Amino acid sequence: MKVNVTGRHVTLTSELETYALEKFSKLDRYFSGIQRADVILRLEGHGTTKTCVVEATVVLGQGARLHGRGEAPDDMLVAVDMAEARLEKQVRRFHAKLKARRDRADIPPVEPVVATEREATYEQIVRQMLEEEGQ
């Protein structure tokens with residue numbers, strides 16, 4: 001899996017890039033069909049109220065895309081953790097959905113039960129019981 005890390009309005013240090021690469025490359029252990037992950041680290045806000053935002057998109061082999069977003073007031077690492085946790089949950093759910101669909105396809109069709117004998121009605125059972133008592 002290829003992980004692209006991009007910084008917008010933030011200096012992307014090697015420590016921050018390595019941390020994001022390690023976190024998002026772990027998603028591959030939950031589902032092997034991930035082609036790439038695009039991670040964008042940015043600062044939002046103005047003045048003294050800056051918010052660290054991490055937006056990540058995971059592209060799967062089936063053409064599906066999963067999105068995760070994490071926000072933290074002053075810590076980019078916490079925002080990376082939040083985005084990764086949300087994507088991990090989505091990847092696990094997607095994998096479980098595919099597995100359930102595959103398991104449903106493996107179930108053989110149920111054959112209808114054909115009655116070999118005709119069941120006796122209530123009147124027939126009572127008549128039979130009376131005949132047995134009379135003998």
# chains A, B, ... in the order shown; residues from 1 in each chain; ligands from 1
call {"tool": "select_by_dssp", "arguments": {"residues": "stretch 5-38 of chain A", "states": "strand (DSSP E)", "output": "compact mmCIF listing (two decimals) with C-alpha atoms, in the first residue's frame"}}
result
# COMPACT_ATOMS: atom_id res chain seq x y z
CA VAL A 5 1.43 12.54 3.04
CA THR A 6 0.91 16.21 2.15
CA GLY A 7 1.16 19.30 4.34
CA ARG A 8 -0.89 22.43 3.69
CA ILE A 34 -6.10 -1.15 -0.12
CA GLN A 35 -4.26 0.45 -3.04
CA ARG A 36 -3.25 3.77 -1.53
CA ALA A 37 -3.90 6.26 1.24
CA ASP A 38 -3.78 10.02 0.72
call {"tool": "closest_residue", "arguments": {"among": "A:Val126, A:Leu87, A:Ala105, A:Thr121", "to": "A:Val59", "atoms": "only C-alpha atoms"}}
result
A:Leu87
call {"tool": "atom_distance", "arguments": {"atom1": "atom CA of A:Arg86", "atom2": "atom CA of A:Val54"}}
result
11.3 Å
call {"tool": "decode", "arguments": {"residues": "stretch 63-113 of chain A", "atoms": "N, CA and C atoms", "output": "PDB file, in the first residue's frame"}}
result
ATOM      1  N   GLY A  63     -12.700   0.043  -6.200  1.00  0.00           N
ATOM      2  CA  GLY A  63     -13.133   1.364  -6.626  1.00  0.00           C
ATOM      3  C   GLY A  63     -13.776   2.160  -5.507  1.00  0.00           C
ATOM      4  N   ALA A  64     -13.886   1.582  -4.341  1.00  0.00           N
ATOM      5  CA  ALA A  64     -14.496   2.290  -3.212  1.00  0.00           C
ATOM      6  C   ALA A  64     -13.479   3.228  -2.578  1.00  0.00           C
ATOM      7  N   ARG A  65     -13.973   4.288  -1.990  1.00  0.00           N
ATOM      8  CA  ARG A  65     -13.126   5.250  -1.276  1.00  0.00           C
ATOM      9  C   ARG A  65     -13.699   5.446   0.118  1.00  0.00           C
ATOM     10  N   LEU A  66     -12.809   5.439   1.092  1.00  0.00           N
ATOM     11  CA  LEU A  66     -13.200   5.675   2.481  1.00  0.00           C
ATOM     12  C   LEU A  66     -12.518   6.956   2.942  1.00  0.00           C
ATOM     13  N   HIS A  67     -13.259   7.772   3.693  1.00  0.00           N
ATOM     14  CA  HIS A  67     -12.732   9.058   4.139  1.00  0.00           C
ATOM     15  C   HIS A  67     -12.746   9.122   5.664  1.00  0.00           C
ATOM     16  N   GLY A  68     -11.693   9.682   6.220  1.00  0.00           N
ATOM     17  CA  GLY A  68     -11.624   9.891   7.668  1.00  0.00           C
ATOM     18  C   GLY A  68     -11.064  11.269   7.962  1.00  0.00           C
ATOM     19  N   ARG A  69     -11.564  11.886   9.003  1.00  0.00           N
ATOM     20  CA  ARG A  69     -11.127  13.240   9.361  1.00  0.00           C
ATOM     21  C   ARG A  69     -10.908  13.298  10.857  1.00  0.00           C
ATOM     22  N   GLY A  70      -9.812  13.936  11.252  1.00  0.00           N
ATOM     23  CA  GLY A  70      -9.513  14.128  12.663  1.00  0.00           C
ATOM     24  C   GLY A  70      -9.148  15.569  12.929  1.00  0.00           C
ATOM     25  N   GLU A  71      -9.647  16.100  14.036  1.00  0.00           N
ATOM     26  CA  GLU A  71      -9.359  17.489  14.412  1.00  0.00           C
ATOM     27  C   GLU A  71      -8.895  17.534  15.853  1.00  0.00           C
ATOM     28  N   ALA A  72      -7.911  18.384  16.107  1.00  0.00           N
ATOM     29  CA  ALA A  72      -7.426  18.605  17.472  1.00  0.00           C
ATOM     30  C   ALA A  72      -7.014  20.071  17.581  1.00  0.00           C
ATOM     31  N   PRO A  73      -7.221  20.673  18.745  1.00  0.00           N
ATOM     32  CA  PRO A  73      -6.936  22.102  18.876  1.00  0.00           C
ATOM     33  C   PRO A  73      -5.472  22.478  18.634  1.00  0.00           C
ATOM     34  N   ASP A  74      -4.525  21.776  19.235  1.00  0.00           N
ATOM     35  CA  ASP A  74      -3.128  22.200  19.111  1.00  0.00           C
ATOM     36  C   ASP A  74      -2.161  21.066  18.841  1.00  0.00           C
ATOM     37  N   ASP A  75      -2.631  19.871  18.574  1.00  0.00           N
ATOM     38  CA  ASP A  75      -1.728  18.736  18.434  1.00  0.00           C
ATOM     39  C   ASP A  75      -2.032  17.974  17.145  1.00  0.00           C
ATOM     40  N   MET A  76      -1.093  17.995  16.217  1.00  0.00           N
ATOM     41  CA  MET A  76      -1.274  17.320  14.935  1.00  0.00           C
ATOM     42  C   MET A  76      -1.247  15.803  15.106  1.00  0.00           C
ATOM     43  N   LEU A  77      -0.472  15.298  16.060  1.00  0.00           N
ATOM     44  CA  LEU A  77      -0.386  13.857  16.272  1.00  0.00           C
ATOM     45  C   LEU A  77      -1.721  13.279  16.746  1.00  0.00           C
ATOM     46  N   VAL A  78      -2.436  14.016  17.580  1.00  0.00           N
ATOM     47  CA  VAL A  78      -3.753  13.576  18.044  1.00  0.00           C
ATOM     48  C   VAL A  78      -4.734  13.551  16.873  1.00  0.00           C
ATOM     49  N   ALA A  79      -4.640  14.542  15.990  1.00  0.00           N
ATOM     50  CA  ALA A  79      -5.515  14.586  14.819  1.00  0.00           C
ATOM     51  C   ALA A  79      -5.220  13.409  13.884  1.00  0.00           C
ATOM     52  N   VAL A  80      -3.947  13.034  13.753  1.00  0.00           N
ATOM     53  CA  VAL A  80      -3.576  11.866  12.939  1.00  0.00           C
ATOM     54  C   VAL A  80      -4.181  10.604  13.548  1.00  0.00           C
ATOM     55  N   ASP A  81      -4.086  10.471  14.868  1.00  0.00           N
ATOM     56  CA  ASP A  81      -4.650   9.307  15.552  1.00  0.00           C
ATOM     57  C   ASP A  81      -6.160   9.213  15.343  1.00  0.00           C
ATOM     58  N   MET A  82      -6.850  10.346  15.431  1.00  0.00           N
ATOM     59  CA  MET A  82      -8.304  10.346  15.274  1.00  0.00           C
ATOM     60  C   MET A  82      -8.708   9.948  13.853  1.00  0.00           C
ATOM     61  N   ALA A  83      -8.035  10.492  12.859  1.00  0.00           N
ATOM     62  CA  ALA A  83      -8.355  10.154  11.471  1.00  0.00           C
ATOM     63  C   ALA A  83      -8.066   8.682  11.197  1.00  0.00           C
ATOM     64  N   GLU A  84      -6.971   8.171  11.726  1.00  0.00           N
ATOM     65  CA  GLU A  84      -6.610   6.769  11.514  1.00  0.00           C
ATOM     66  C   GLU A  84      -7.613   5.845  12.191  1.00  0.00           C
ATOM     67  N   ALA A  85      -8.082   6.209  13.383  1.00  0.00           N
ATOM     68  CA  ALA A  85      -9.059   5.380  14.100  1.00  0.00           C
ATOM     69  C   ALA A  85     -10.373   5.323  13.325  1.00  0.00           C
ATOM     70  N   ARG A  86     -10.802   6.434  12.769  1.00  0.00           N
ATOM     71  CA  ARG A  86     -12.050   6.439  11.995  1.00  0.00           C
ATOM     72  C   ARG A  86     -11.915   5.608  10.727  1.00  0.00           C
ATOM     73  N   LEU A  87     -10.771   5.711  10.064  1.00  0.00           N
ATOM     74  CA  LEU A  87     -10.564   4.911   8.859  1.00  0.00           C
ATOM     75  C   LEU A  87     -10.435   3.431   9.187  1.00  0.00           C
ATOM     76  N   GLU A  88      -9.804   3.113  10.305  1.00  0.00           N
ATOM     77  CA  GLU A  88      -9.677   1.713  10.709  1.00  0.00           C
ATOM     78  C   GLU A  88     -11.059   1.091  10.906  1.00  0.00           C
ATOM     79  N   LYS A  89     -11.950   1.822  11.552  1.00  0.00           N
ATOM     80  CA  LYS A  89     -13.310   1.341  11.778  1.00  0.00           C
ATOM     81  C   LYS A  89     -14.030   1.112  10.445  1.00  0.00           C
ATOM     82  N   GLN A  90     -13.869   2.032   9.508  1.00  0.00           N
ATOM     83  CA  GLN A  90     -14.520   1.900   8.211  1.00  0.00           C
ATOM     84  C   GLN A  90     -13.954   0.727   7.413  1.00  0.00           C
ATOM     85  N   VAL A  91     -12.638   0.542   7.467  1.00  0.00           N
ATOM     86  CA  VAL A  91     -12.001  -0.552   6.733  1.00  0.00           C
ATOM     87  C   VAL A  91     -12.457  -1.890   7.303  1.00  0.00           C
ATOM     88  N   ARG A  92     -12.520  -1.998   8.623  1.00  0.00           N
ATOM     89  CA  ARG A  92     -12.995  -3.238   9.247  1.00  0.00           C
ATOM     90  C   ARG A  92     -14.444  -3.527   8.856  1.00  0.00           C
ATOM     91  N   ARG A  93     -15.283  -2.504   8.858  1.00  0.00           N
ATOM     92  CA  ARG A  93     -16.681  -2.670   8.498  1.00  0.00           C
ATOM     93  C   ARG A  93     -16.812  -3.085   7.028  1.00  0.00           C
ATOM     94  N   PHE A  94     -16.024  -2.464   6.162  1.00  0.00           N
ATOM     95  CA  PHE A  94     -16.059  -2.800   4.739  1.00  0.00           C
ATOM     96  C   PHE A  94     -15.617  -4.244   4.523  1.00  0.00           C
ATOM     97  N   HIS A  95     -14.562  -4.660   5.215  1.00  0.00           N
ATOM     98  CA  HIS A  95     -14.064  -6.031   5.083  1.00  0.00           C
ATOM     99  C   HIS A  95     -15.095  -7.033   5.597  1.00  0.00           C
ATOM    100  N   ALA A  96     -15.748  -6.720   6.704  1.00  0.00           N
ATOM    101  CA  ALA A  96     -16.776  -7.613   7.256  1.00  0.00           C
ATOM    102  C   ALA A  96     -17.962  -7.724   6.296  1.00  0.00           C
ATOM    103  N   LYS A  97     -18.314  -6.620   5.642  1.00  0.00           N
ATOM    104  CA  LYS A  97     -19.416  -6.640   4.693  1.00  0.00           C
ATOM    105  C   LYS A  97     -19.083  -7.531   3.493  1.00  0.00           C
ATOM    106  N   LEU A  98     -17.860  -7.424   2.994  1.00  0.00           N
ATOM    107  CA  LEU A  98     -17.452  -8.274   1.875  1.00  0.00           C
ATOM    108  C   LEU A  98     -17.413  -9.743   2.277  1.00  0.00           C
ATOM    109  N   LYS A  99     -16.930 -10.008   3.475  1.00  0.00           N
ATOM    110  CA  LYS A  99     -16.849 -11.386   3.957  1.00  0.00           C
ATOM    111  C   LYS A  99     -18.241 -11.979   4.133  1.00  0.00           C
ATOM    112  N   ALA A 100     -19.170 -11.201   4.676  1.00  0.00           N
ATOM    113  CA  ALA A 100     -20.539 -11.681   4.857  1.00  0.00           C
ATOM    114  C   ALA A 100     -21.196 -11.956   3.512  1.00  0.00           C
ATOM    115  N   ARG A 101     -20.946 -11.104   2.555  1.00  0.00           N
ATOM    116  CA  ARG A 101     -21.509 -11.296   1.220  1.00  0.00           C
ATOM    117  C   ARG A 101     -20.946 -12.572   0.582  1.00  0.00           C
ATOM    118  N   ARG A 102     -19.656 -12.805   0.778  1.00  0.00           N
ATOM    119  CA  ARG A 102     -19.022 -14.003   0.229  1.00  0.00           C
ATOM    120  C   ARG A 102     -19.548 -15.257   0.927  1.00  0.00           C
ATOM    121  N   ASP A 103     -19.756 -15.188   2.238  1.00  0.00           N
ATOM    122  CA  ASP A 103     -20.261 -16.329   2.982  1.00  0.00           C
ATOM    123  C   ASP A 103     -21.697 -16.659   2.602  1.00  0.00           C
ATOM    124  N   ARG A 104     -22.504 -15.628   2.326  1.00  0.00           N
ATOM    125  CA  ARG A 104     -23.886 -15.870   1.907  1.00  0.00           C
ATOM    126  C   ARG A 104     -23.931 -16.567   0.559  1.00  0.00           C
ATOM    127  N   ALA A 105     -22.977 -16.292  -0.292  1.00  0.00           N
ATOM    128  CA  ALA A 105     -22.953 -16.911  -1.618  1.00  0.00           C
ATOM    129  C   ALA A 105     -22.577 -18.384  -1.540  1.00  0.00           C
ATOM    130  N   ASP A 106     -21.884 -18.804  -0.472  1.00  0.00           N
ATOM    131  CA  ASP A 106     -21.441 -20.190  -0.329  1.00  0.00           C
ATOM    132  C   ASP A 106     -22.519 -21.106   0.237  1.00  0.00           C
ATOM    133  N   ILE A 107     -23.623 -20.569   0.704  1.00  0.00           N
ATOM    134  CA  ILE A 107     -24.673 -21.387   1.309  1.00  0.00           C
ATOM    135  C   ILE A 107     -25.412 -22.132   0.200  1.00  0.00           C
ATOM    136  N   PRO A 108     -25.493 -23.451   0.286  1.00  0.00           N
ATOM    137  CA  PRO A 108     -26.221 -24.185  -0.755  1.00  0.00           C
ATOM    138  C   PRO A 108     -27.713 -23.909  -0.653  1.00  0.00           C
ATOM    139  N   PRO A 109     -28.433 -23.987  -1.756  1.00  0.00           N
ATOM    140  CA  PRO A 109     -29.868 -23.730  -1.708  1.00  0.00           C
ATOM    141  C   PRO A 109     -30.590 -24.810  -0.901  1.00  0.00           C
ATOM    142  N   VAL A 110     -31.610 -24.407  -0.206  1.00  0.00           N
ATOM    143  CA  VAL A 110     -32.380 -25.328   0.622  1.00  0.00           C
ATOM    144  C   VAL A 110     -33.403 -26.031  -0.257  1.00  0.00           C
ATOM    145  N   GLU A 111     -33.405 -27.360  -0.184  1.00  0.00           N
ATOM    146  CA  GLU A 111     -34.353 -28.129  -0.979  1.00  0.00           C
ATOM    147  C   GLU A 111     -35.660 -28.261  -0.204  1.00  0.00           C
ATOM    148  N   PRO A 112     -36.774 -28.183  -0.881  1.00  0.00           N
ATOM    149  CA  PRO A 112     -38.059 -28.295  -0.185  1.00  0.00           C
ATOM    150  C   PRO A 112     -38.258 -29.718   0.338  1.00  0.00           C
ATOM    151  N   VAL A 113     -38.882 -29.818   1.478  1.00  0.00           N
ATOM    152  CA  VAL A 113     -39.162 -31.109   2.093  1.00  0.00           C
ATOM    153  C   VAL A 113     -40.427 -31.676   1.456  1.00  0.00           C
TER     154      VAL A 113
END
